$ cat target.cif   # mmCIF, N, CA and C atoms
data_structure
loop_
_atom_site.label_atom_id
_atom_site.label_comp_id
_atom_site.auth_asym_id
_atom_site.auth_seq_id
_atom_site.Cartn_x
_atom_site.Cartn_y
_atom_site.Cartn_z
N MET A 763 0.86 -1.18 0.00
CA MET A 763 0.00 0.00 0.00
C MET A 763 0.90 1.23 0.00
N THR A 764 0.65 2.15 -0.90
CA THR A 764 1.48 3.33 -1.00
C THR A 764 0.76 4.52 -0.38
N HIS A 765 1.55 5.40 0.23
CA HIS A 765 1.04 6.64 0.81
C HIS A 765 -0.17 6.40 1.72
N ALA A 766 -0.05 5.40 2.58
CA ALA A 766 -1.14 5.10 3.52
C ALA A 766 -1.26 6.23 4.54
N SER A 767 -2.46 6.47 4.93
CA SER A 767 -2.75 7.48 5.95
C SER A 767 -3.69 6.84 6.96
N LEU A 768 -3.57 7.25 8.21
CA LEU A 768 -4.49 6.73 9.21
C LEU A 768 -5.93 7.08 8.88
N ASP A 769 -6.13 8.18 8.15
CA ASP A 769 -7.48 8.56 7.73
C ASP A 769 -8.11 7.49 6.84
N ASP A 770 -7.28 6.73 6.12
CA ASP A 770 -7.80 5.67 5.26
C ASP A 770 -8.48 4.57 6.07
N PHE A 771 -8.19 4.52 7.36
CA PHE A 771 -8.69 3.43 8.19
C PHE A 771 -9.58 3.92 9.33
N ASP A 772 -10.14 5.12 9.19
CA ASP A 772 -11.01 5.66 10.24
C ASP A 772 -12.12 4.70 10.62
N GLY A 773 -12.82 4.16 9.64
CA GLY A 773 -13.93 3.25 9.92
C GLY A 773 -13.49 2.01 10.66
N VAL A 774 -12.37 1.45 10.23
CA VAL A 774 -11.84 0.24 10.88
C VAL A 774 -11.40 0.55 12.31
N LEU A 775 -10.66 1.66 12.48
CA LEU A 775 -10.19 2.01 13.82
C LEU A 775 -11.34 2.34 14.75
N THR A 776 -12.35 3.02 14.24
CA THR A 776 -13.54 3.32 15.05
C THR A 776 -14.24 2.02 15.44
N ALA A 777 -14.38 1.12 14.49
CA ALA A 777 -15.03 -0.16 14.78
C ALA A 777 -14.27 -0.96 15.82
N LEU A 778 -12.95 -0.95 15.73
CA LEU A 778 -12.13 -1.73 16.65
C LEU A 778 -11.98 -1.08 18.03
N ALA A 779 -12.37 0.17 18.15
CA ALA A 779 -12.22 0.89 19.41
C ALA A 779 -13.17 0.39 20.50
N ASP A 780 -14.25 -0.25 20.11
CA ASP A 780 -15.25 -0.68 21.08
C ASP A 780 -15.05 -2.16 21.43
N PRO A 781 -14.97 -2.48 22.73
CA PRO A 781 -14.75 -3.88 23.13
C PRO A 781 -15.88 -4.82 22.69
N SER A 782 -17.10 -4.33 22.67
CA SER A 782 -18.21 -5.19 22.23
C SER A 782 -18.08 -5.52 20.75
N ARG A 783 -17.68 -4.56 19.93
CA ARG A 783 -17.49 -4.85 18.50
C ARG A 783 -16.33 -5.80 18.29
N ARG A 784 -15.28 -5.64 19.09
CA ARG A 784 -14.16 -6.60 18.98
C ARG A 784 -14.63 -8.00 19.35
N ALA A 785 -15.48 -8.10 20.37
CA ALA A 785 -16.02 -9.41 20.77
C ALA A 785 -16.87 -10.01 19.65
N VAL A 786 -17.66 -9.19 18.99
CA VAL A 786 -18.47 -9.67 17.85
C VAL A 786 -17.54 -10.18 16.75
N LEU A 787 -16.50 -9.41 16.43
CA LEU A 787 -15.55 -9.85 15.39
C LEU A 787 -14.85 -11.14 15.78
N GLU A 788 -14.44 -11.25 17.04
CA GLU A 788 -13.78 -12.47 17.48
C GLU A 788 -14.70 -13.67 17.36
N ARG A 789 -15.96 -13.48 17.71
CA ARG A 789 -16.94 -14.56 17.60
C ARG A 789 -17.13 -14.95 16.13
N LEU A 790 -17.25 -13.97 15.26
CA LEU A 790 -17.41 -14.26 13.84
C LEU A 790 -16.17 -14.93 13.25
N ALA A 791 -15.01 -14.60 13.78
CA ALA A 791 -13.77 -15.21 13.29
C ALA A 791 -13.73 -16.71 13.61
N ARG A 792 -14.46 -17.12 14.65
CA ARG A 792 -14.47 -18.53 15.05
C ARG A 792 -15.61 -19.33 14.42
N SER A 793 -16.45 -18.68 13.63
CA SER A 793 -17.59 -19.39 13.06
C SER A 793 -17.73 -19.05 11.58
N ASP A 794 -18.55 -19.82 10.92
CA ASP A 794 -18.77 -19.59 9.49
C ASP A 794 -19.67 -18.39 9.28
N ALA A 795 -20.82 -18.37 9.95
CA ALA A 795 -21.76 -17.25 9.84
C ALA A 795 -22.69 -17.32 11.05
N GLU A 796 -23.08 -16.15 11.53
CA GLU A 796 -23.92 -16.05 12.72
C GLU A 796 -25.05 -15.06 12.47
N THR A 797 -26.13 -15.25 13.18
CA THR A 797 -27.20 -14.25 13.18
C THR A 797 -26.99 -13.33 14.37
N ALA A 798 -27.65 -12.20 14.37
CA ALA A 798 -27.56 -11.28 15.51
C ALA A 798 -28.07 -11.96 16.77
N THR A 799 -29.10 -12.77 16.63
CA THR A 799 -29.66 -13.48 17.78
C THR A 799 -28.65 -14.47 18.36
N SER A 800 -28.01 -15.25 17.50
CA SER A 800 -27.04 -16.23 18.00
C SER A 800 -25.82 -15.54 18.63
N LEU A 801 -25.42 -14.40 18.08
CA LEU A 801 -24.32 -13.65 18.69
C LEU A 801 -24.72 -13.12 20.06
N ALA A 802 -25.93 -12.62 20.17
CA ALA A 802 -26.39 -12.05 21.43
C ALA A 802 -26.46 -13.08 22.55
N THR A 803 -26.74 -14.33 22.20
CA THR A 803 -26.80 -15.37 23.24
C THR A 803 -25.43 -15.68 23.82
N GLU A 804 -24.38 -15.34 23.09
CA GLU A 804 -23.03 -15.64 23.55
C GLU A 804 -22.27 -14.41 24.06
N LEU A 805 -22.90 -13.25 23.96
CA LEU A 805 -22.24 -12.02 24.40
C LEU A 805 -23.08 -11.35 25.49
N PRO A 806 -22.43 -10.56 26.33
CA PRO A 806 -23.17 -9.91 27.42
C PRO A 806 -23.87 -8.62 27.01
N ILE A 807 -24.42 -8.61 25.79
CA ILE A 807 -25.14 -7.44 25.30
C ILE A 807 -26.44 -7.90 24.64
N SER A 808 -27.39 -7.00 24.50
CA SER A 808 -28.69 -7.34 23.93
C SER A 808 -28.60 -7.56 22.42
N ARG A 809 -29.62 -8.18 21.88
CA ARG A 809 -29.69 -8.38 20.44
C ARG A 809 -29.70 -7.04 19.71
N GLN A 810 -30.43 -6.07 20.26
CA GLN A 810 -30.48 -4.75 19.63
C GLN A 810 -29.09 -4.11 19.58
N ALA A 811 -28.33 -4.28 20.65
CA ALA A 811 -26.96 -3.74 20.66
C ALA A 811 -26.10 -4.46 19.63
N VAL A 812 -26.26 -5.77 19.54
CA VAL A 812 -25.50 -6.54 18.54
C VAL A 812 -25.82 -6.04 17.14
N VAL A 813 -27.10 -5.79 16.85
CA VAL A 813 -27.51 -5.30 15.53
C VAL A 813 -26.83 -3.95 15.24
N LYS A 814 -26.80 -3.06 16.22
CA LYS A 814 -26.14 -1.75 16.02
C LYS A 814 -24.65 -1.92 15.78
N HIS A 815 -24.02 -2.81 16.54
CA HIS A 815 -22.59 -3.05 16.34
C HIS A 815 -22.33 -3.67 14.96
N LEU A 816 -23.18 -4.59 14.55
CA LEU A 816 -23.02 -5.21 13.23
C LEU A 816 -23.18 -4.18 12.11
N ALA A 817 -24.09 -3.23 12.30
CA ALA A 817 -24.27 -2.18 11.29
C ALA A 817 -23.00 -1.34 11.15
N LEU A 818 -22.39 -0.99 12.26
CA LEU A 818 -21.15 -0.21 12.20
C LEU A 818 -20.03 -1.05 11.59
N LEU A 819 -19.94 -2.31 11.97
CA LEU A 819 -18.93 -3.20 11.40
C LEU A 819 -19.14 -3.38 9.90
N ASP A 820 -20.39 -3.40 9.47
CA ASP A 820 -20.70 -3.50 8.05
C ASP A 820 -20.27 -2.23 7.32
N ARG A 821 -20.55 -1.07 7.90
CA ARG A 821 -20.12 0.20 7.27
C ARG A 821 -18.60 0.28 7.16
N ALA A 822 -17.90 -0.32 8.13
CA ALA A 822 -16.43 -0.34 8.09
C ALA A 822 -15.91 -1.44 7.16
N ARG A 823 -16.83 -2.19 6.57
CA ARG A 823 -16.52 -3.30 5.67
C ARG A 823 -15.73 -4.42 6.34
N LEU A 824 -16.00 -4.62 7.64
CA LEU A 824 -15.35 -5.71 8.37
C LEU A 824 -16.22 -6.97 8.41
N VAL A 825 -17.51 -6.81 8.19
CA VAL A 825 -18.41 -7.96 8.12
C VAL A 825 -19.27 -7.82 6.87
N GLU A 826 -19.83 -8.93 6.46
CA GLU A 826 -20.80 -8.91 5.37
C GLU A 826 -22.03 -9.68 5.81
N SER A 827 -23.14 -9.35 5.23
CA SER A 827 -24.38 -10.03 5.59
C SER A 827 -25.00 -10.65 4.35
N ARG A 828 -25.72 -11.73 4.59
CA ARG A 828 -26.47 -12.36 3.50
C ARG A 828 -27.73 -12.96 4.09
N ARG A 829 -28.79 -12.86 3.34
CA ARG A 829 -30.08 -13.38 3.78
C ARG A 829 -30.14 -14.87 3.45
N VAL A 830 -30.52 -15.66 4.45
CA VAL A 830 -30.74 -17.09 4.29
C VAL A 830 -32.14 -17.36 4.82
N GLY A 831 -33.07 -17.46 3.91
CA GLY A 831 -34.47 -17.59 4.33
C GLY A 831 -34.91 -16.32 5.04
N ARG A 832 -35.40 -16.47 6.25
CA ARG A 832 -35.85 -15.31 7.04
C ARG A 832 -34.74 -14.71 7.89
N GLU A 833 -33.58 -15.35 7.91
CA GLU A 833 -32.48 -14.89 8.76
C GLU A 833 -31.47 -14.08 7.95
N VAL A 834 -30.80 -13.20 8.67
CA VAL A 834 -29.65 -12.50 8.10
C VAL A 834 -28.43 -13.06 8.82
N ARG A 835 -27.52 -13.61 8.05
CA ARG A 835 -26.29 -14.19 8.61
C ARG A 835 -25.12 -13.27 8.32
N TYR A 836 -24.28 -13.10 9.33
CA TYR A 836 -23.12 -12.23 9.23
C TYR A 836 -21.86 -13.07 9.25
N SER A 837 -20.89 -12.65 8.47
CA SER A 837 -19.59 -13.32 8.48
C SER A 837 -18.49 -12.27 8.37
N LEU A 838 -17.33 -12.67 8.78
CA LEU A 838 -16.16 -11.79 8.80
C LEU A 838 -15.65 -11.56 7.39
N ARG A 839 -15.20 -10.34 7.13
CA ARG A 839 -14.52 -10.00 5.88
C ARG A 839 -13.06 -9.73 6.24
N PRO A 840 -12.23 -10.75 6.28
CA PRO A 840 -10.85 -10.56 6.77
C PRO A 840 -9.99 -9.67 5.89
N GLY A 841 -10.35 -9.51 4.63
CA GLY A 841 -9.53 -8.70 3.72
C GLY A 841 -9.39 -7.26 4.17
N ARG A 842 -10.48 -6.66 4.65
CA ARG A 842 -10.44 -5.26 5.08
C ARG A 842 -9.56 -5.10 6.31
N LEU A 843 -9.67 -6.03 7.25
CA LEU A 843 -8.85 -5.99 8.46
C LEU A 843 -7.37 -6.18 8.10
N ALA A 844 -7.11 -7.09 7.19
CA ALA A 844 -5.73 -7.32 6.74
C ALA A 844 -5.17 -6.09 6.04
N ALA A 845 -5.99 -5.43 5.21
CA ALA A 845 -5.54 -4.22 4.51
C ALA A 845 -5.23 -3.12 5.52
N ALA A 846 -6.07 -2.98 6.54
CA ALA A 846 -5.82 -1.96 7.57
C ALA A 846 -4.53 -2.28 8.32
N ALA A 847 -4.32 -3.54 8.64
CA ALA A 847 -3.09 -3.93 9.35
C ALA A 847 -1.86 -3.64 8.49
N GLN A 848 -1.94 -3.92 7.20
CA GLN A 848 -0.82 -3.64 6.29
C GLN A 848 -0.58 -2.13 6.19
N GLY A 849 -1.67 -1.37 6.11
CA GLY A 849 -1.53 0.08 6.03
C GLY A 849 -0.89 0.66 7.29
N ILE A 850 -1.33 0.18 8.43
CA ILE A 850 -0.77 0.65 9.70
C ILE A 850 0.69 0.24 9.81
N GLU A 851 1.01 -0.96 9.34
CA GLU A 851 2.40 -1.42 9.34
C GLU A 851 3.27 -0.54 8.44
N ALA A 852 2.74 -0.13 7.28
CA ALA A 852 3.48 0.75 6.37
C ALA A 852 3.71 2.11 7.01
N ILE A 853 2.71 2.61 7.71
CA ILE A 853 2.85 3.90 8.40
C ILE A 853 3.91 3.79 9.49
N ALA A 854 3.88 2.69 10.25
CA ALA A 854 4.86 2.48 11.31
C ALA A 854 6.28 2.40 10.73
N ALA A 855 6.43 1.72 9.60
CA ALA A 855 7.74 1.62 8.96
C ALA A 855 8.22 3.00 8.51
N SER A 856 7.31 3.82 8.00
CA SER A 856 7.67 5.17 7.59
C SER A 856 8.12 6.00 8.79
N TRP A 857 7.39 5.88 9.89
CA TRP A 857 7.78 6.60 11.11
C TRP A 857 9.15 6.12 11.60
N ASP A 858 9.40 4.81 11.53
CA ASP A 858 10.70 4.28 11.95
C ASP A 858 11.83 4.86 11.10
N ARG A 859 11.60 4.95 9.78
CA ARG A 859 12.63 5.51 8.90
C ARG A 859 12.88 6.99 9.23
N THR A 860 11.80 7.72 9.49
CA THR A 860 11.93 9.14 9.83
C THR A 860 12.69 9.32 11.14
N LEU A 861 12.33 8.52 12.14
CA LEU A 861 13.02 8.62 13.43
C LEU A 861 14.49 8.23 13.32
N THR A 862 14.78 7.24 12.51
CA THR A 862 16.18 6.84 12.30
C THR A 862 16.96 7.98 11.65
N ALA A 863 16.37 8.64 10.66
CA ALA A 863 17.04 9.76 9.99
C ALA A 863 17.24 10.92 10.97
N LEU A 864 16.23 11.21 11.78
CA LEU A 864 16.37 12.28 12.78
C LEU A 864 17.46 11.96 13.79
N LYS A 865 17.52 10.73 14.22
CA LYS A 865 18.56 10.31 15.17
C LYS A 865 19.94 10.49 14.56
N ARG A 866 20.08 10.09 13.30
CA ARG A 866 21.37 10.21 12.61
C ARG A 866 21.78 11.68 12.50
N MET A 867 20.81 12.55 12.14
CA MET A 867 21.12 13.99 12.03
C MET A 867 21.49 14.56 13.39
N ALA A 868 20.79 14.15 14.44
CA ALA A 868 21.09 14.65 15.79
C ALA A 868 22.48 14.20 16.23
N GLU A 869 22.82 12.96 15.92
CA GLU A 869 24.15 12.45 16.30
C GLU A 869 25.25 13.16 15.53
N GLU A 870 25.00 13.46 14.25
CA GLU A 870 26.00 14.17 13.45
C GLU A 870 26.19 15.59 13.97
N THR A 871 25.10 16.24 14.38
CA THR A 871 25.16 17.60 14.90
C THR A 871 25.84 17.63 16.26
N ALA A 872 25.59 16.61 17.08
CA ALA A 872 26.13 16.60 18.44
C ALA A 872 27.57 16.10 18.51
N SER A 873 28.07 15.42 17.46
CA SER A 873 29.42 14.89 17.52
C SER A 873 30.44 16.03 17.42
N PRO A 874 31.56 15.88 18.14
CA PRO A 874 32.59 16.94 18.10
C PRO A 874 33.14 17.11 16.69
N ASP A 875 33.45 18.35 16.36
CA ASP A 875 33.98 18.67 15.03
C ASP A 875 35.33 18.00 14.87
N SER A 876 35.50 17.27 13.82
CA SER A 876 36.76 16.53 13.61
C SER A 876 37.77 17.35 12.84
N SER A 877 37.57 18.69 12.72
CA SER A 877 38.50 19.52 11.98
C SER A 877 39.74 19.87 12.77
N GLY A 878 39.72 19.58 14.09
CA GLY A 878 40.91 19.80 14.89
C GLY A 878 41.03 21.16 15.47
N ASP A 879 39.96 21.94 15.63
CA ASP A 879 40.01 23.29 16.20
C ASP A 879 40.49 23.28 17.58
#
$ encode --input "target.cif" --output "structure tokens"
Amino acid sequence: MTHASLDDFDGVLTALADPSRRAVLERLARSDAETATSLATELPISRQAVVKHLALLDRARLVESRRVGREVRYSLRPGRLAAAAQGIEAIAASWDRTLTALKRMAEETASPDSSGD
């Protein structure tokens, strides 16, 4: 990913900021597909809260939904999470390069002049 910005991942970072949404994602990562009702039975939040969290996760493109009969089943979309992780890793690498360059410049400036004054 080139020229990644944290702004590119606002939706993902917002979605991951909430512990309940992380719990929903973790549950979906361990299963093929779940309904909001089945998720609510395994989490300490109401079905209505699960539905709201799933809507935000869907907007962040971290989950997808599909209708199966009368049910809506949700599953994880790992590609978006992987892309965000790669983008954040690229940003971290850029920061590391910048800090290394700053350190080198500071060391060159602070080292005694070798001209023999």
$ select_by_dssp --input "target.cif" --residues "range 798-862 of chain A" --states "alpha helix (DSSP H)" --output "MDAnalysis selection string"
chainID A and resid 798:804 809:821 840:862
$ closest_residue --input "target.cif" --among "A:Ala852, A:Leu790, A:Ile807, A:Ala798" --to "Val834 in chain A" --atoms "all atoms listed in the file"
A:Ala798
$ atom_distance --input "target.cif" --atom1 "CA of Arg784 in chain A" --atom2 "atom N of Tyr836 in chain A"
15.4 Å
$ atom_distance --input "target.cif" --atom1 "CA of Ala795 in chain A" --atom2 "CA of Arg835 in chain A"
5.6 Å
$ closest_residue --input "target.cif" --among "A:Arg823, A:Thr797, A:Glu788, A:Thr803" --to "Leu775 in chain A" --atoms "only C-alpha atoms"
A:Arg823
$ residues_around --input "target.cif" --residues "Leu824 in chain A" --least-positions-apart "4" --cutoff "6.5 Å" --atoms "all atoms listed in the file" --output "list in words"
Leu819, Asp820, Ser837, Leu838, Arg839, Pro840, Arg842 and Leu843 of chain A
$ residues_around --input "target.cif" --residues "Val813 in chain A" --least-positions-apart "3" --cutoff "10 Å" --atoms "only C-alpha atoms" --output "list in words"
Thr797, Ala798, Thr799, Leu801, Ala802, Ser808, Arg809, Gln810, Leu816, Ala817, Leu818 and Leu819 of chain A
$ residues_near_point --input "target.cif" --point "(-4.4, 7.5, 11.4)" --cutoff "12 Å" --atoms "only C-alpha atoms" --output "ChimeraX atom specification"
/A:765-776,846-847,849-854
$ write_last_selection --input "target.cif" --atoms "N, CA and C atoms" --output "compact mmCIF listing (two decimals), keeping the file's coordinate frame"
# COMPACT_ATOMS: atom_id res chain seq x y z
N HIS A 765 1.55 5.40 0.23
CA HIS A 765 1.04 6.64 0.81
C HIS A 765 -0.17 6.40 1.72
N ALA A 766 -0.05 5.40 2.58
CA ALA A 766 -1.14 5.10 3.52
C ALA A 766 -1.26 6.23 4.54
N SER A 767 -2.46 6.47 4.93
CA SER A 767 -2.75 7.48 5.95
C SER A 767 -3.69 6.84 6.96
N LEU A 768 -3.57 7.25 8.21
CA LEU A 768 -4.49 6.73 9.21
C LEU A 768 -5.93 7.08 8.88
N ASP A 769 -6.13 8.18 8.15
CA ASP A 769 -7.48 8.56 7.73
C ASP A 769 -8.11 7.49 6.84
N ASP A 770 -7.28 6.73 6.12
CA ASP A 770 -7.80 5.67 5.26
C ASP A 770 -8.48 4.57 6.07
N PHE A 771 -8.19 4.52 7.36
CA PHE A 771 -8.69 3.43 8.19
C PHE A 771 -9.58 3.92 9.33
N ASP A 772 -10.14 5.12 9.19
CA ASP A 772 -11.01 5.66 10.24
C ASP A 772 -12.12 4.70 10.62
N GLY A 773 -12.82 4.16 9.64
CA GLY A 773 -13.93 3.25 9.92
C GLY A 773 -13.49 2.01 10.66
N VAL A 774 -12.37 1.45 10.23
CA VAL A 774 -11.84 0.24 10.88
C VAL A 774 -11.40 0.55 12.31
N LEU A 775 -10.66 1.66 12.48
CA LEU A 775 -10.19 2.01 13.82
C LEU A 775 -11.34 2.34 14.75
N THR A 776 -12.35 3.02 14.24
CA THR A 776 -13.54 3.32 15.05
C THR A 776 -14.24 2.02 15.44
N ALA A 846 -6.07 -2.98 6.54
CA ALA A 846 -5.82 -1.96 7.57
C ALA A 846 -4.53 -2.28 8.32
N ALA A 847 -4.32 -3.54 8.64
CA ALA A 847 -3.09 -3.93 9.35
C ALA A 847 -1.86 -3.64 8.49
N GLY A 849 -1.67 -1.37 6.11
CA GLY A 849 -1.53 0.08 6.03
C GLY A 849 -0.89 0.66 7.29
N ILE A 850 -1.33 0.18 8.43
CA ILE A 850 -0.77 0.65 9.70
C ILE A 850 0.69 0.24 9.81
N GLU A 851 1.01 -0.96 9.34
CA GLU A 851 2.40 -1.42 9.34
C GLU A 851 3.27 -0.54 8.44
N ALA A 852 2.74 -0.13 7.28
CA ALA A 852 3.48 0.75 6.37
C ALA A 852 3.71 2.11 7.01
N ILE A 853 2.71 2.61 7.71
CA ILE A 853 2.85 3.90 8.40
C ILE A 853 3.91 3.79 9.49
N ALA A 854 3.88 2.69 10.25
CA ALA A 854 4.86 2.48 11.31
C ALA A 854 6.28 2.40 10.73
$ select_by_dssp --input "target.cif" --residues "chain A" --states "strand (DSSP E)" --output "mmCIF file with N, CA and C atoms, in the frame of the given file"
data_model
loop_
_atom_site.group_PDB
_atom_site.id
_atom_site.type_symbol
_atom_site.label_atom_id
_atom_site.label_comp_id
_atom_site.auth_asym_id
_atom_site.auth_seq_id
_atom_site.Cartn_x
_atom_site.Cartn_y
_atom_site.Cartn_z
ATOM 1 N N VAL A 825 -17.510 -6.810 8.190
ATOM 2 C CA VAL A 825 -18.410 -7.960 8.120
ATOM 3 C C VAL A 825 -19.270 -7.820 6.870
ATOM 4 N N GLU A 826 -19.830 -8.930 6.460
ATOM 5 C CA GLU A 826 -20.800 -8.910 5.370
ATOM 6 C C GLU A 826 -22.030 -9.680 5.810
ATOM 7 N N SER A 827 -23.140 -9.350 5.230
ATOM 8 C CA SER A 827 -24.380 -10.030 5.590
ATOM 9 C C SER A 827 -25.000 -10.650 4.350
ATOM 10 N N ARG A 828 -25.720 -11.730 4.590
ATOM 11 C CA ARG A 828 -26.470 -12.360 3.500
ATOM 12 C C ARG A 828 -27.730 -12.960 4.090
ATOM 13 N N ARG A 829 -28.790 -12.860 3.340
ATOM 14 C CA ARG A 829 -30.080 -13.380 3.780
ATOM 15 C C ARG A 829 -30.140 -14.870 3.450
ATOM 16 N N VAL A 830 -30.520 -15.660 4.450
ATOM 17 C CA VAL A 830 -30.740 -17.090 4.290
ATOM 18 C C VAL A 830 -32.140 -17.360 4.820
ATOM 19 N N GLU A 833 -33.580 -15.350 7.910
ATOM 20 C CA GLU A 833 -32.480 -14.890 8.760
ATOM 21 C C GLU A 833 -31.470 -14.080 7.950
ATOM 22 N N VAL A 834 -30.800 -13.200 8.670
ATOM 23 C CA VAL A 834 -29.650 -12.500 8.100
ATOM 24 C C VAL A 834 -28.430 -13.060 8.820
ATOM 25 N N ARG A 835 -27.520 -13.610 8.050
ATOM 26 C CA ARG A 835 -26.290 -14.190 8.610
ATOM 27 C C ARG A 835 -25.120 -13.270 8.320
ATOM 28 N N TYR A 836 -24.280 -13.100 9.330
ATOM 29 C CA TYR A 836 -23.120 -12.230 9.230
ATOM 30 C C TYR A 836 -21.860 -13.070 9.250
ATOM 31 N N SER A 837 -20.890 -12.650 8.470
ATOM 32 C CA SER A 837 -19.590 -13.320 8.480
ATOM 33 C C SER A 837 -18.490 -12.270 8.370
ATOM 34 N N LEU A 838 -17.330 -12.670 8.780
ATOM 35 C CA LEU A 838 -16.160 -11.790 8.800
ATOM 36 C C LEU A 838 -15.650 -11.560 7.390
#
$ atom_distance --input "target.cif" --atom1 "atom N of Ala845 in chain A" --atom2 "atom N of Val786 in chain A"
18.4 Å
$ build_atoms --input "target.cif" --residues "range 860-867 of chain A" --atoms "all heavy atoms" --output "mmCIF file, keeping the file's coordinate frame"
data_model
loop_
_atom_site.group_PDB
_atom_site.id
_atom_site.type_symbol
_atom_site.label_atom_id
_atom_site.label_comp_id
_atom_site.auth_asym_id
_atom_site.auth_seq_id
_atom_site.Cartn_x
_atom_site.Cartn_y
_atom_site.Cartn_z
ATOM 1 N N THR A 860 11.800 7.720 9.490
ATOM 2 C CA THR A 860 11.930 9.140 9.830
ATOM 3 C C THR A 860 12.690 9.320 11.140
ATOM 4 O O THR A 860 13.576 10.173 11.251
ATOM 5 C CB THR A 860 10.532 9.795 9.925
ATOM 6 O OG1 THR A 860 9.884 9.661 8.654
ATOM 7 C CG2 THR A 860 10.623 11.265 10.301
ATOM 8 N N LEU A 861 12.330 8.520 12.140
ATOM 9 C CA LEU A 861 13.020 8.620 13.430
ATOM 10 C C LEU A 861 14.490 8.230 13.320
ATOM 11 O O LEU A 861 15.348 8.852 13.961
ATOM 12 C CB LEU A 861 12.310 7.751 14.475
ATOM 13 C CG LEU A 861 10.938 8.258 14.911
ATOM 14 C CD1 LEU A 861 10.256 7.242 15.808
ATOM 15 C CD2 LEU A 861 11.050 9.604 15.611
ATOM 16 N N THR A 862 14.780 7.240 12.510
ATOM 17 C CA THR A 862 16.180 6.840 12.300
ATOM 18 C C THR A 862 16.960 7.980 11.650
ATOM 19 O O THR A 862 18.097 8.283 12.035
ATOM 20 C CB THR A 862 16.249 5.565 11.441
ATOM 21 O OG1 THR A 862 15.581 4.512 12.135
ATOM 22 C CG2 THR A 862 17.683 5.161 11.152
ATOM 23 N N ALA A 863 16.370 8.640 10.660
ATOM 24 C CA ALA A 863 17.040 9.760 9.990
ATOM 25 C C ALA A 863 17.240 10.920 10.970
ATOM 26 O O ALA A 863 18.307 11.550 10.968
ATOM 27 C CB ALA A 863 16.217 10.207 8.784
ATOM 28 N N LEU A 864 16.230 11.210 11.780
ATOM 29 C CA LEU A 864 16.370 12.280 12.780
ATOM 30 C C LEU A 864 17.460 11.960 13.790
ATOM 31 O O LEU A 864 18.254 12.838 14.169
ATOM 32 C CB LEU A 864 15.043 12.505 13.510
ATOM 33 C CG LEU A 864 13.964 13.239 12.736
ATOM 34 C CD1 LEU A 864 12.637 13.190 13.491
ATOM 35 C CD2 LEU A 864 14.365 14.680 12.486
ATOM 36 N N LYS A 865 17.520 10.730 14.220
ATOM 37 C CA LYS A 865 18.560 10.310 15.170
ATOM 38 C C LYS A 865 19.940 10.490 14.560
ATOM 39 O O LYS A 865 20.853 11.018 15.191
ATOM 40 C CB LYS A 865 18.352 8.852 15.569
ATOM 41 C CG LYS A 865 19.396 8.338 16.531
ATOM 42 C CD LYS A 865 19.179 6.876 16.864
ATOM 43 C CE LYS A 865 20.322 6.402 17.743
ATOM 44 N NZ LYS A 865 20.389 4.956 17.812
ATOM 45 N N ARG A 866 20.080 10.090 13.300
ATOM 46 C CA ARG A 866 21.370 10.210 12.610
ATOM 47 C C ARG A 866 21.780 11.680 12.500
ATOM 48 O O ARG A 866 22.925 12.043 12.759
ATOM 49 C CB ARG A 866 21.270 9.577 11.232
ATOM 50 C CG ARG A 866 22.599 9.364 10.550
ATOM 51 C CD ARG A 866 22.410 8.624 9.260
ATOM 52 N NE ARG A 866 20.978 8.345 9.168
ATOM 53 C CZ ARG A 866 20.398 7.487 8.366
ATOM 54 N NH1 ARG A 866 21.066 6.823 7.536
ATOM 55 N NH2 ARG A 866 19.111 7.296 8.339
ATOM 56 N N MET A 867 20.810 12.550 12.140
ATOM 57 C CA MET A 867 21.120 13.990 12.030
ATOM 58 C C MET A 867 21.490 14.560 13.390
ATOM 59 O O MET A 867 22.435 15.360 13.504
ATOM 60 C CB MET A 867 19.925 14.742 11.446
ATOM 61 C CG MET A 867 19.727 14.476 9.975
ATOM 62 S SD MET A 867 18.499 15.520 9.137
ATOM 63 C CE MET A 867 17.123 15.573 10.237
#
